[in-house]
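S.K.: Dropping in model35.cif, which is mmCIF, C-alpha atoms:
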```
data_data
#
loop_
_atom_site.label_atom_id
_atom_site.label_comp_id
_atom_site.auth_asym_id
_atom_site.auth_seq_id
_atom_site.Cartn_x
_atom_site.Cartn_y
_atom_site.Cartn_z
CA MET A 1 63.41 27.22 103.51
CA ASP A 2 59.79 26.94 102.37
CA PRO A 3 59.74 27.57 98.58
CA GLU A 4 56.44 29.40 98.98
CA LYS A 5 58.09 31.91 101.30
CA ALA A 6 60.94 32.34 98.83
CA LYS A 7 58.35 33.05 96.18
CA LEU A 8 56.84 35.77 98.36
CA VAL A 9 60.22 37.49 98.59
CA VAL A 10 60.70 37.33 94.83
CA ASP A 11 57.10 38.47 94.25
CA GLY A 12 57.87 41.43 96.50
CA LEU A 13 61.00 42.28 94.53
CA LYS A 14 59.23 42.03 91.21
CA GLY A 15 56.24 43.94 92.47
CA ALA A 16 58.63 46.67 93.54
CA GLY A 17 60.10 46.84 90.04
CA VAL A 18 63.45 45.32 90.98
CA ASN A 19 65.14 44.13 87.79
CA PHE A 20 68.72 43.67 88.98
CA ALA A 21 69.91 41.73 92.01
CA VAL A 22 73.34 41.14 93.46
CA GLY A 23 74.27 38.96 96.35
CA VAL A 24 76.33 36.32 98.05
CA PRO A 25 74.11 33.37 98.97
CA ASP A 26 73.65 32.00 102.46
CA ALA A 27 72.16 28.63 103.31
CA GLN A 28 69.01 29.97 104.93
CA PHE A 29 67.99 32.12 101.96
CA ILE A 30 69.15 29.82 99.19
CA GLU A 31 65.70 29.35 97.65
CA VAL A 32 65.42 33.11 97.17
CA TYR A 33 68.74 33.24 95.34
CA ARG A 34 67.80 30.26 93.17
CA THR A 35 64.44 31.76 92.29
CA VAL A 36 65.90 35.20 91.54
CA ALA A 37 68.70 33.73 89.43
CA LYS A 38 66.16 31.82 87.31
CA ASP A 39 63.81 34.75 86.84
CA PRO A 40 64.09 36.19 83.32
CA GLY A 41 62.94 39.60 84.57
CA ILE A 42 65.85 39.99 86.99
CA HIS A 43 69.53 40.10 86.08
CA TYR A 44 71.22 38.30 88.96
CA VAL A 45 74.93 38.70 89.66
CA GLY A 46 76.58 36.35 92.11
CA ALA A 47 79.42 38.32 93.70
CA ALA A 48 82.55 37.13 95.48
CA ASN A 49 81.82 39.20 98.57
CA GLU A 50 79.13 41.52 99.81
CA GLY A 51 81.18 44.72 99.49
CA GLU A 52 81.77 43.94 95.84
CA ALA A 53 78.05 43.18 95.52
CA ALA A 54 77.18 46.63 96.90
CA GLY A 55 79.47 48.28 94.34
CA ILE A 56 77.89 46.31 91.49
CA ALA A 57 74.44 47.37 92.70
CA MET A 58 75.51 51.02 92.75
CA GLY A 59 76.81 50.78 89.20
CA ALA A 60 73.62 49.12 88.03
CA TRP A 61 71.57 51.93 89.59
CA PHE A 62 73.58 54.51 87.66
CA GLY A 63 72.77 52.51 84.55
CA GLY A 64 69.04 52.83 85.11
CA ARG A 65 68.37 49.48 86.76
CA LYS A 66 66.38 49.02 89.98
CA PRO A 67 68.82 47.03 92.07
CA ALA A 68 68.41 44.89 95.18
CA LEU A 69 71.31 43.81 97.33
CA ILE A 70 70.45 40.43 98.83
CA ILE A 71 72.85 39.56 101.62
CA ALA A 72 73.05 37.71 104.91
CA THR A 73 73.39 39.37 108.30
CA SER A 74 77.04 38.27 108.29
CA GLY A 75 77.37 39.71 104.80
CA LEU A 76 76.11 43.07 105.98
CA LEU A 77 79.10 43.23 108.31
CA VAL A 78 81.43 42.38 105.43
CA ALA A 79 79.81 45.05 103.24
CA MET A 80 79.52 47.79 105.85
CA TYR A 81 82.28 50.06 104.56
CA HIS A 82 80.85 49.99 101.05
CA VAL A 83 77.22 50.17 102.10
CA ALA A 84 77.94 53.11 104.40
CA ARG A 85 79.89 54.92 101.75
CA ILE A 86 77.19 54.34 99.13
CA ASN A 87 74.47 55.66 101.40
CA LEU A 88 76.26 58.44 103.28
CA LEU A 89 78.46 59.89 100.55
CA HIS A 90 77.09 58.90 97.15
CA GLU A 91 73.50 58.74 98.42
CA VAL A 92 72.54 56.01 96.02
CA PRO A 93 69.27 54.15 96.66
CA ILE A 94 69.73 50.43 96.97
CA LEU A 95 67.11 48.09 98.38
CA VAL A 96 68.94 45.85 100.86
CA VAL A 97 67.16 42.58 101.64
CA ILE A 98 68.45 40.56 104.57
CA PRO A 99 67.17 37.33 106.16
CA TYR A 100 67.37 38.45 109.78
CA ARG A 101 69.21 35.84 111.81
CA GLY A 102 69.55 35.79 115.54
CA ASP A 103 65.86 36.00 116.27
CA LEU A 104 63.73 33.64 118.37
CA GLY A 105 64.15 30.07 117.21
CA ASP A 106 67.63 30.56 115.73
CA PRO A 107 70.64 28.65 117.04
CA ARG A 108 72.73 30.32 119.73
CA TRP A 109 75.60 31.21 117.41
CA MET A 110 73.28 33.32 115.31
CA GLY A 111 72.60 35.54 118.30
CA MET A 112 75.41 37.93 117.47
CA TYR A 113 73.49 39.20 114.45
CA GLN A 114 70.71 40.41 116.71
CA LYS A 115 73.36 42.64 118.28
CA THR A 116 75.02 43.82 115.07
CA THR A 117 72.43 44.13 112.30
CA GLU A 118 70.18 46.98 113.35
CA PRO A 119 73.00 49.06 114.90
CA ALA A 120 74.98 48.66 111.66
CA LEU A 121 72.05 49.86 109.56
CA ARG A 122 71.49 52.80 111.89
CA ALA A 123 75.19 53.68 111.75
CA ALA A 124 74.95 53.85 107.96
CA ASP A 125 71.74 55.90 108.25
CA ILE A 126 69.77 53.26 106.39
CA PRO A 127 66.10 53.14 107.38
CA TYR A 128 64.73 49.60 107.71
CA ARG A 129 61.65 47.57 108.46
CA VAL A 130 61.57 44.26 110.32
CA VAL A 131 59.05 41.80 108.86
CA ASN A 132 57.72 39.17 111.25
CA ARG A 133 54.73 37.88 109.27
CA SER A 134 54.89 36.25 105.87
CA SER A 135 51.72 38.06 104.87
CA ASP A 136 53.65 41.35 105.11
CA ILE A 137 56.64 40.34 102.95
CA VAL A 138 55.40 41.51 99.56
CA ARG A 139 53.93 44.79 100.81
CA VAL A 140 56.92 45.81 102.91
CA ILE A 141 59.48 45.05 100.20
CA LYS A 142 57.48 47.17 97.78
CA GLU A 143 57.05 50.06 100.22
CA CYS A 144 60.71 50.04 101.22
CA ASN A 145 61.76 50.14 97.58
CA GLU A 146 59.37 53.00 96.84
CA SER A 147 60.82 54.92 99.78
CA ALA A 148 64.37 54.31 98.59
CA ARG A 149 63.46 55.73 95.19
CA ALA A 150 61.60 58.66 96.67
CA TRP A 151 64.37 59.58 99.11
CA LEU A 152 67.27 58.58 96.83
CA ARG A 153 68.76 56.76 99.81
CA SER A 154 69.19 53.09 100.60
CA VAL A 155 66.51 51.27 102.61
CA ALA A 156 66.67 47.78 104.14
CA VAL A 157 64.15 45.01 104.77
CA LEU A 158 64.89 42.50 107.52
CA LEU A 159 62.95 39.25 107.16
CA THR A 160 62.85 37.28 110.40
CA GLU A 161 62.66 33.55 110.83
CA GLU A 162 59.03 33.90 111.90
CA ALA A 163 58.23 35.38 108.50
CA LEU A 164 60.34 33.00 106.43
CA TRP A 165 60.25 29.54 107.94
CA MET B 1 108.91 52.91 83.60
CA VAL B 2 106.16 55.40 82.98
CA THR B 3 104.14 57.60 85.35
CA ARG B 4 100.42 57.34 85.96
CA TYR B 5 99.91 60.89 84.77
CA GLN B 6 101.64 60.24 81.44
CA LEU B 7 99.23 57.38 80.80
CA LEU B 8 96.18 59.34 81.91
CA LYS B 9 97.19 62.19 79.62
CA LYS B 10 97.40 59.77 76.72
CA LEU B 11 94.05 58.26 77.66
CA SER B 12 92.42 61.69 77.74
CA THR B 13 93.44 62.26 74.12
CA MET B 14 92.07 58.90 72.97
CA LEU B 15 88.82 58.44 74.84
CA PRO B 16 85.59 59.40 73.06
CA ASP B 17 83.45 61.77 75.13
CA ASP B 18 80.66 59.25 75.58
CA VAL B 19 82.75 56.56 77.27
CA LEU B 20 81.65 56.32 80.90
CA VAL B 21 84.60 56.48 83.28
CA VAL B 22 84.55 55.25 86.88
CA ALA B 23 87.64 56.47 88.76
CA SER B 24 88.90 55.18 92.08
CA ILE B 25 89.58 57.49 95.00
CA GLY B 26 92.93 59.21 95.39
CA ASN B 27 95.20 60.20 92.57
CA ASN B 28 93.28 58.35 89.87
CA SER B 29 90.32 60.64 90.49
CA GLY B 30 92.50 63.64 91.32
CA PHE B 31 94.58 63.46 88.15
CA TRP B 32 91.80 62.36 85.81
CA GLY B 33 89.68 65.24 87.06
CA GLN B 34 92.34 67.70 85.92
CA LEU B 35 92.44 66.14 82.44
CA ARG B 36 88.81 65.31 81.73
CA GLN B 37 85.95 66.35 83.90
CA THR B 38 82.72 65.77 82.04
CA GLU B 39 79.27 64.50 82.90
CA ALA B 40 80.49 61.04 81.86
CA ASP B 41 82.92 60.78 84.79
CA LEU B 42 82.19 59.25 88.18
CA PHE B 43 84.91 60.11 90.69
CA HIS B 44 85.90 59.07 94.23
CA VAL B 45 84.81 55.44 94.06
CA THR B 46 86.33 53.93 97.10
CA MET B 47 88.64 51.03 97.96
CA GLY B 48 87.42 47.77 96.48
CA MET B 49 84.44 49.34 94.76
CA CYS B 50 85.72 50.91 91.55
CA THR B 51 85.69 47.91 89.23
CA PRO B 52 82.52 46.45 90.81
CA THR B 53 80.73 49.77 90.16
CA ALA B 54 82.00 49.84 86.58
CA LEU B 55 80.84 46.24 86.19
CA GLY B 56 77.32 47.05 87.38
CA LEU B 57 77.20 50.02 85.02
CA SER B 58 78.43 47.97 82.07
CA LEU B 59 75.82 45.27 82.70
CA ALA B 60 73.02 47.83 82.94
CA LEU B 61 74.14 49.63 79.77
CA ALA B 62 75.39 46.83 77.56
CA LYS B 63 75.82 49.02 74.49
CA ARG B 64 77.81 51.77 76.21
CA LYS B 65 81.56 51.58 76.71
CA VAL B 66 82.57 51.72 80.37
CA MET B 67 86.07 52.15 81.74
CA SER B 68 87.29 51.51 85.27
CA LEU B 69 90.35 53.51 86.36
CA ASP B 70 91.36 51.36 89.29
CA GLY B 71 94.39 51.26 91.57
CA ASP B 72 96.41 48.32 92.82
CA GLY B 73 95.51 48.64 96.50
CA ASN B 74 91.94 49.42 95.56
CA LEU B 75 91.45 46.38 93.33
CA LEU B 76 93.33 44.05 95.67
CA LEU B 77 90.72 44.72 98.34
CA ASN B 78 88.07 43.03 96.18
CA LEU B 79 90.16 40.99 93.80
CA GLY B 80 87.39 38.40 93.52
CA THR B 81 85.56 40.87 91.31
CA LEU B 82 87.76 39.73 88.42
CA GLY B 83 86.03 36.35 88.62
CA THR B 84 82.66 38.06 88.64
CA VAL B 85 83.65 40.15 85.61
CA ALA B 86 84.73 37.00 83.77
CA ASN B 87 81.49 35.20 84.61
CA GLN B 88 79.34 38.13 83.55
CA ASP B 89 81.49 38.71 80.46
CA PRO B 90 80.53 42.33 79.68
CA ALA B 91 81.72 43.09 76.14
CA ASN B 92 81.74 46.83 76.88
CA LEU B 93 83.96 46.94 79.99
CA THR B 94 87.63 47.84 80.21
CA ILE B 95 89.51 47.74 83.50
CA ILE B 96 92.77 49.63 83.84
CA VAL B 97 94.68 49.13 87.06
CA PHE B 98 97.41 51.70 87.67
CA ASP B 99 99.81 49.57 89.65
CA ASN B 100 102.37 51.66 91.53
CA GLY B 101 102.94 48.92 94.09
CA ASN B 102 102.34 51.06 97.13
CA TYR B 103 99.77 52.58 99.43
CA LEU B 104 99.54 56.29 100.07
CA GLY B 105 103.07 57.24 99.16
CA SER B 106 102.51 58.27 95.58
CA HIS B 107 101.94 61.90 96.41
CA LYS B 108 104.72 62.11 98.97
CA GLU B 109 108.47 62.41 98.70
CA GLU B 110 109.02 58.68 99.08
CA PRO B 111 106.93 55.56 98.40
CA GLY B 112 104.43 54.48 101.03
CA MET B 113 103.96 50.94 102.29
CA PRO B 114 104.05 48.18 99.66
CA THR B 115 100.90 46.57 98.31
CA ALA B 116 100.65 42.84 97.60
CA SER B 117 101.40 43.64 93.95
CA SER B 118 104.81 45.07 94.77
CA GLY B 119 106.46 41.64 94.82
CA LYS B 120 105.79 38.60 92.67
CA PHE B 121 102.17 39.42 91.93
CA ASP B 122 101.08 39.53 88.29
CA PHE B 123 97.77 41.39 87.85
CA ALA B 124 97.33 40.44 84.20
CA GLY B 125 98.12 36.81 85.01
CA VAL B 126 95.51 36.83 87.76
CA ALA B 127 92.94 38.44 85.45
CA LYS B 128 93.66 35.90 82.74
CA GLY B 129 93.42 33.08 85.26
CA ALA B 130 90.10 34.50 86.43
CA GLY B 131 88.81 34.15 82.89
CA ILE B 132 89.41 37.58 81.30
CA SER B 133 91.25 36.47 78.19
CA SER B 134 92.07 39.98 76.96
CA SER B 135 94.53 40.78 79.75
CA SER B 136 97.84 42.52 79.30
CA THR B 137 100.60 44.35 81.14
CA VAL B 138 101.94 47.64 79.84
CA SER B 139 104.80 49.79 81.06
CA SER B 140 105.18 52.49 78.41
CA VAL B 141 102.98 55.09 76.73
CA GLU B 142 103.28 53.23 73.43
CA GLU B 143 102.15 49.90 74.88
CA PHE B 144 99.36 51.64 76.74
CA GLN B 145 98.14 53.38 73.59
CA LYS B 146 98.02 50.07 71.76
CA SER B 147 96.06 48.40 74.53
CA ILE B 148 93.53 51.26 74.62
CA GLU B 149 93.11 51.08 70.85
CA THR B 150 92.32 47.39 71.26
CA ALA B 151 89.92 48.09 74.12
CA LEU B 152 88.05 50.68 72.09
CA SER B 153 87.78 48.55 68.97
CA LYS B 154 87.43 44.94 70.13
CA ARG B 155 84.96 43.03 72.23
CA GLY B 156 85.74 42.99 75.95
CA PRO B 157 86.04 42.64 78.76
CA HIS B 158 89.58 43.96 78.69
CA PHE B 159 92.04 44.13 81.55
CA ILE B 160 95.11 46.36 81.38
CA ALA B 161 97.68 46.27 84.15
CA ALA B 162 99.67 49.49 83.83
CA LYS B 163 102.91 49.30 85.74
CA VAL B 164 103.66 52.85 86.83
CA GLU B 165 106.29 54.64 88.88
CA ALA B 166 105.83 54.49 92.63
CA LEU B 167 105.96 58.27 92.89
CA ASP B 168 103.83 60.74 90.94
CA ASP B 169 106.63 63.25 90.41
CA ASP B 170 104.78 64.87 87.52
CA ARG B 171 101.46 65.25 89.30
CA PRO B 172 99.40 68.12 87.95
CA PRO B 173 98.45 71.14 90.04
CA ARG B 174 94.94 70.72 91.41
CA SER B 175 93.51 73.68 89.62
CA ARG B 176 90.05 72.21 89.03
CA ARG B 177 87.73 71.25 91.84
CA LEU B 178 86.28 67.76 91.61
CA PRO B 179 82.56 67.36 92.30
CA ASP B 180 81.73 65.86 95.67
CA PRO B 181 80.08 62.41 95.54
CA ARG B 182 76.52 63.70 95.87
CA GLU B 183 77.00 66.43 93.28
CA ASN B 184 78.68 63.86 91.04
CA LYS B 185 75.70 61.51 91.49
CA TYR B 186 73.22 64.02 90.08
CA ARG B 187 75.52 65.10 87.27
CA PHE B 188 76.44 61.56 86.18
CA ALA B 189 72.92 60.12 86.55
CA SER B 190 71.31 63.05 84.72
CA TYR B 191 73.74 62.62 81.85
CA ILE B 192 72.97 58.91 81.57
CA GLU B 193 69.23 59.60 81.74
CA ARG B 194 69.58 62.09 78.91
CA THR B 195 71.85 60.01 76.68
CA GLU B 196 70.38 56.56 77.32
CA GLY B 197 66.70 57.40 77.75
CA VAL B 198 66.49 55.61 81.10
CA GLU B 199 64.92 56.79 84.34
CA ILE B 200 67.32 56.97 87.27
CA LEU B 201 66.58 59.96 89.48
CA GLY B 202 62.89 60.36 88.77
CA GLY B 203 59.86 58.32 89.51
CA GLY B 204 60.24 58.02 93.24
CA LEU B 205 57.18 59.78 94.61
CA GLY B 206 56.27 57.31 97.36
CA LYS B 207 52.60 57.17 98.27
CA PHE B 208 52.03 60.60 96.75
CA GLY B 209 52.91 59.41 93.26
#
```
Now, as a test, write the supplied structure out as structure tokens.
M.R.:
Amino acid sequence: MDPEKAKLVVDGLKGAGVNFAVGVPDAQFIEVYRTVAKDPGIHYVGAANEGEAAGIAMGAWFGGRKPALIIATSGLLVAMYHVARINLLHEVPILVVIPYRGDLGDPRWMGMYQKTTEPALRAADIPYRVVNRSSDIVRVIKECNESARAWLRSVAVLLTEEALW
Amino acid sequence: MVTRYQLLKKLSTMLPDDVLVVASIGNNSGFWGQLRQTEADLFHVTMGMCTPTALGLSLALAKRKVMSLDGDGNLLLNLGTLGTVANQDPANLTIIVFDNGNYLGSHKEEPGMPTASSGKFDFAGVAKGAGISSSSTVSSVEEFQKSIETALSKRGPHFIAAKVEALDDDRPPRSRRLPDPRENKYRFASYIERTEGVEILGGGLGKFG
């Protein structure tokens, strides 16, 4: 992953006021995790699985932090029960940031995430934006986070390969 | 052995009002809500999410004591969180797992299906192995009281595995309604805003702000 693109993601998070991040790293987004973990303005928690990560993010929100849940498309499937419960029952706003695999240019085995990711977010009633251009990364992350805070509901940002690599 | 309700009753007499409590779904929430139902209580936190939620809360509010009332089946679903707790090392977090060794049966006439902790499993041993050095197993009110005294007075994180009866024969009548999760969100968050001086619910005005 281009470190400059990772920096855009982190700039977007910081510009949005995110000061707490939880995730389970994936290979394609590793520079984002490394950059977030080193940033003194963001408390990063590396979780053992994405459902746990979602719970940690919810707790941090109740403690006054502005949390982001940074997970892979596969991780969204792992976390779905918790993410759905957080959004549909507790109605807690968490910014979910996902490198969107399965798009043009990805290997064939990533294709399943094109079929699962957006339907899963819709099932959990989580609004989302798909970002295809790197020049949109910072703005969209910030706007999605502002919407999450305004609606007190979770919102997701899907960053495609076109935008990231 | 002791029942879950006996231990919760003891806890309700010991816990200062300002300790934030995160209770797992099912009887932990149901019983705790009959004993203490204040703005400092977050109920109905689902399978695998109780201790992670308490962890996030404890990290965000490092000077506030936070207690997770977890269950065996609930914690087993995300057991890896004990490693995360150890790595994050929150001094203000106490995890109590009420281990009745079974799913669903505690409110019935006979135990439900066994959890993984019903056999050779040792919760406190696992927690200690994960890196939570203050980990203990209790099976009486007296031992429980001692472990809570330690949790309230010494640096954490603390892990208490409370071995309890499979059946909740002494379950209390459900005379008090528990808040639903959304109602609980506003109550709990407003209380934390007021007592910690942080902004949680406000500030989100979108483009109109």
S.K.: What would the selection look like, as a PyMOL selection string, if the PyMOL selection byres ((chain A) within 10 of (chain B)) were run on the coordinates I just shared?
M.R.: chain A and resi 19-20+22+43-67+81-82+85-93+143-152
S.K.: Looking at only C-alpha atoms, which of B:Phe144, B:Arg36, B:Gly119, B:Val97 is the one that sits closest to B:Arg177?
M.R.: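 The closest residue to B:Arg177 is B:Arg36.
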S.K.: Name the residues that the PyMOL selection byres ((chain B and resi 71) around 9) picks from the file above, as JSON, numbers by chain, using the file's chain letters and numbers.
M.R.: {"B": [23, 24, 25, 26, 28, 47, 50, 69, 70, 72, 73, 74, 75, 76, 96, 97, 98, 99, 100]}
S.K.: State, in Å with one decimal place, the distance from atom CA of A:Met110 to atom CA of A:Lys142.
M.R.: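 Going from atom CA of A:Met110 over to atom CA of A:Lys142 covers 27.4 Å.
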S.K.: Work out how far atom CA of B:Tyr5 is from atom CA of B:Ser147, in Å to one decimal.
M.R.: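 Atom-to-atom, atom CA of B:Ser147 and atom CA of B:Tyr5 are spaced 16.6 Å apart.
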S.K.: Taking (102.4, 46.0, 82.5) in the file's own coordinates, collect the residues within 8 Å, counting only C-alpha atoms, and hand them back as a list in words.
M.R.: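 Residues with an atom at most 8 Å from (102.4, 46.0, 82.5): Ala124, Ser136, Thr137, Val138, Ser139, Ile160, Ala161, Ala162 and Lys163 of chain B.
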S.K.: As a short mmCIF file (atom, residue, chain, number, x, y, z; two decimals) with C-alpha atoms, in the coordinates of the input, please: the residues near A:Tyr113 (cut-off 7 Å, only C-alpha atoms, same-chain neighbours under 4 positions excluded).
M.R.:
```
data_model
loop_
_atom_site.label_atom_id
_atom_site.label_comp_id
_atom_site.auth_asym_id
_atom_site.auth_seq_id
_atom_site.Cartn_x
_atom_site.Cartn_y
_atom_site.Cartn_z
CA THR A 73 73.39 39.37 108.30
CA ARG A 101 69.21 35.84 111.81
CA GLY A 102 69.55 35.79 115.54
CA THR A 117 72.43 44.13 112.30
#
```
